[in-house]
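Novice: Below is a structure I'd like to ask you about.
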Amino acid sequence: MGQARETMARSSEQEGVVGDIEVFLQDAILGLEPDRQANRRRGPGRPPVLPSLCLWAGLLVCVLRRGFTSQTALWRLLCQKQLWSYPRFLLTDEAVRKRLAKAGSAPLEKFFAQISSLLRQRLRGYAIPDLAPFASTVVALDETTLDKVARSLPALRGAPAGDDRLLPGKLAGLFDIRHQQWLKVQHVESARQNEKVLAQKMVEALPRASLILADLGYFGFAWFDWLTQSGHYFVSRLRAKTSYKVIHAHYQKGDCFDGLIHLGAYRADRAQEAVRLVTFRVGTTTYRYITNVLEPITLSIYDIARLYAYRWDIELAFKLIKRELGLHLLWSAKVGVILQQVWAVLIISQILQALRLEIAGRAGVDVFEVSMPLLAEYAPRLAADGLDPVEVFVQQGRHLGFIRPSRRTKIQAPIIPPEEIIPPPEGLVLTRTARHANRNCGPRPKETN
């Protein structure tokens with residue numbers, strides 16, 4: 001295991017973040033538990049024809065090469081073509097299916113953690129700069145529903161449209177905005193479960209003073225109070241028709257307001273901790289955000305709007321794994337095999353996200369000026385031809401259209417001069433007795449007698 005890690009580090013130092021992607025995978029996958037140790041625990045009997053490391057390597061290559069869209073494609077790769085230095089294996093497609101169904105996703109989850117740790121070290125010099133410097137980390141929290149399983153799969157041919165068996169669940173994700181990397185991903189069995197059920201569990205391991213960006217699906221007084229009391233920051237939009245009470249105005253002029261409020265104007269439902277509300281108008285659209293960063297000097301109105309725009313990064317990261325890496329087409333109806341595909345896709349996603357961040361840093365451009373769809377398409381081709389994708393994108397990216405102006409919305413928000421901000425009076429009470437109304441955050445439990 002130690003030798004494998006040294007190989008991983010040596011490969012990374014020589015090739016940048018990732019030079020030849022498949023060579024990088026070939027070296028890094030040695031960090032998985034060696035088959036000979038697993039075989040010693042098996043006791044007497046014939047060892048498996050297909051080594052586990054080759055199985056996982058084949059699965060990752062299937063995702064990377066993007067033309068492979070089924071378990072049958074994995075079988076063809078292993079038995080009809082030579083994968084790296086492995087021989088061709090004489091086995092049936094059913095044998096591959098059984099191995100996948102039996103193996104589980106734990107080895108790939110372990111590999112995901114190893115590759116993420118390695119990439120994070122390599123990306124320290126390329127993190128997005130000047131993004132909430134007061135926060136220890138900036139993350140986006142969200143969930144995405146996995147696409148329905150095809151009814152053409154043998155196990156589901158008799159299932160009617162709308163059957164819950166066609167819903168393989170969803171993924172809850174925590175995405176590091178500065179490093180453009182997944183920090184945590186968890187499979188949720190019920191696709192109908194409310195986002196708030198897992199919210200605290202998803203962020204509980206974050207370092208203190210983390211800043212969380214989440215959409216209105218997470219909006220809730222109890223959630224905001226818990227984040228503040230846990231020492232975390234947040235930025236959220238204000239849900240329409242939410243009542244509140246203004247307790248101090250830092251600035252108010254025309255359609256622009258920056259001040260402190262208590263969420264919930266009525267006894268039946270109200271938050272404990274004060275938050276900051278900013279509102280402003282751009283054209284005919286009024287924007288309303290809330291945050292528990294109470295000082296305008298620490299986080300300006302413009303920076304609040306800019307930060308919340310980065311919440312969209314997790315949506316783009318979900319788009320990458322679904323559209324560009326094929327997670328919209330599930331290979332199986334079995335949850336265990338689906339999770340293998342999910343983790344294989346996430347591993348390749350981490351590498352591609354790292355590639356893009358390094359390319360942007362070395363080319364001196366915004367990370368979103370590097371086309372992710374083109375990177376996902378051309379990086380494996382360039383690596384297969386013996387070229388370094390990072391070098392090609394940096395040196396020729398503008399000419400080839402790999403680097404182009406970003407189409408992200410340009411942030412427009414007022415900038416308030418510091419001398420016009422009114423500080424809160426001494427002794428302003430920022431906490432009060434909370435009363436969190438019970439909200440339905442998931443399927444109602446069955447009543448028991």
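FYI, nothing fancy with the structure tokens labels: chains A, B, ... in order, residues from 1 per chain, ligands from 1 as they appear.
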Within 10 Å of stretch 178-185 of chain A, which residues of stretch 312-425 of chain A come that close, and what is the closest atom pair and distance in Å for each? Count only C-alpha atoms and give it as a Markdown table.

Specialist:
```
| residue | atom | partner | partner_atom | distance |
| --- | --- | --- | --- | --- |
| A:Asp313 | CA | A:Gln180 | CA | 8.0 |
| A:Ile314 | CA | A:Gln180 | CA | 8.8 |
| A:Ala317 | CA | A:Gln180 | CA | 8.5 |
| A:Val342 | CA | A:Val185 | CA | 9.8 |
| A:Trp343 | CA | A:Val185 | CA | 9.1 |
| A:Leu346 | CA | A:Trp182 | CA | 8.2 |
| A:Ile347 | CA | A:Trp182 | CA | 9.5 |
| A:Ser349 | CA | A:Gln181 | CA | 8.6 |
| A:Gln350 | CA | A:Gln181 | CA | 6.0 |
| A:Ile351 | CA | A:Gln181 | CA | 8.9 |
| A:Leu352 | CA | A:Gln181 | CA | 9.7 |
| A:Gln353 | CA | A:Gln180 | CA | 6.2 |
| A:Ala354 | CA | A:Gln180 | CA | 7.2 |
| A:Arg356 | CA | A:Gln180 | CA | 9.0 |
| A:Leu357 | CA | A:Gln180 | CA | 7.3 |
| A:Glu358 | CA | A:His179 | CA | 9.9 |
| A:Val367 | CA | A:Gln180 | CA | 9.2 |
```

Novice: Hey, which of A:Phe368, A:Trp75, A:Phe221, A:Phe134 ends up closest to A:Lys98? Count only C-alpha atoms.

Specialist: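 With only C-alpha atoms as the atom set, the closest residue is A:Trp75.
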
Novice: Report, in Å with one decimal, the straight-line distance from atom CA of A:Pro129 to atom CA of A:Pro405.

Specialist: 19.0 Å

Novice: Just asking: which residues within stretch 259-427 of chain A are alpha helix (DSSP H) according to DSSP, as a PyMOL selection string?

Specialist: chain A and resi 301-309+312-319+335-363+372-384+389-400
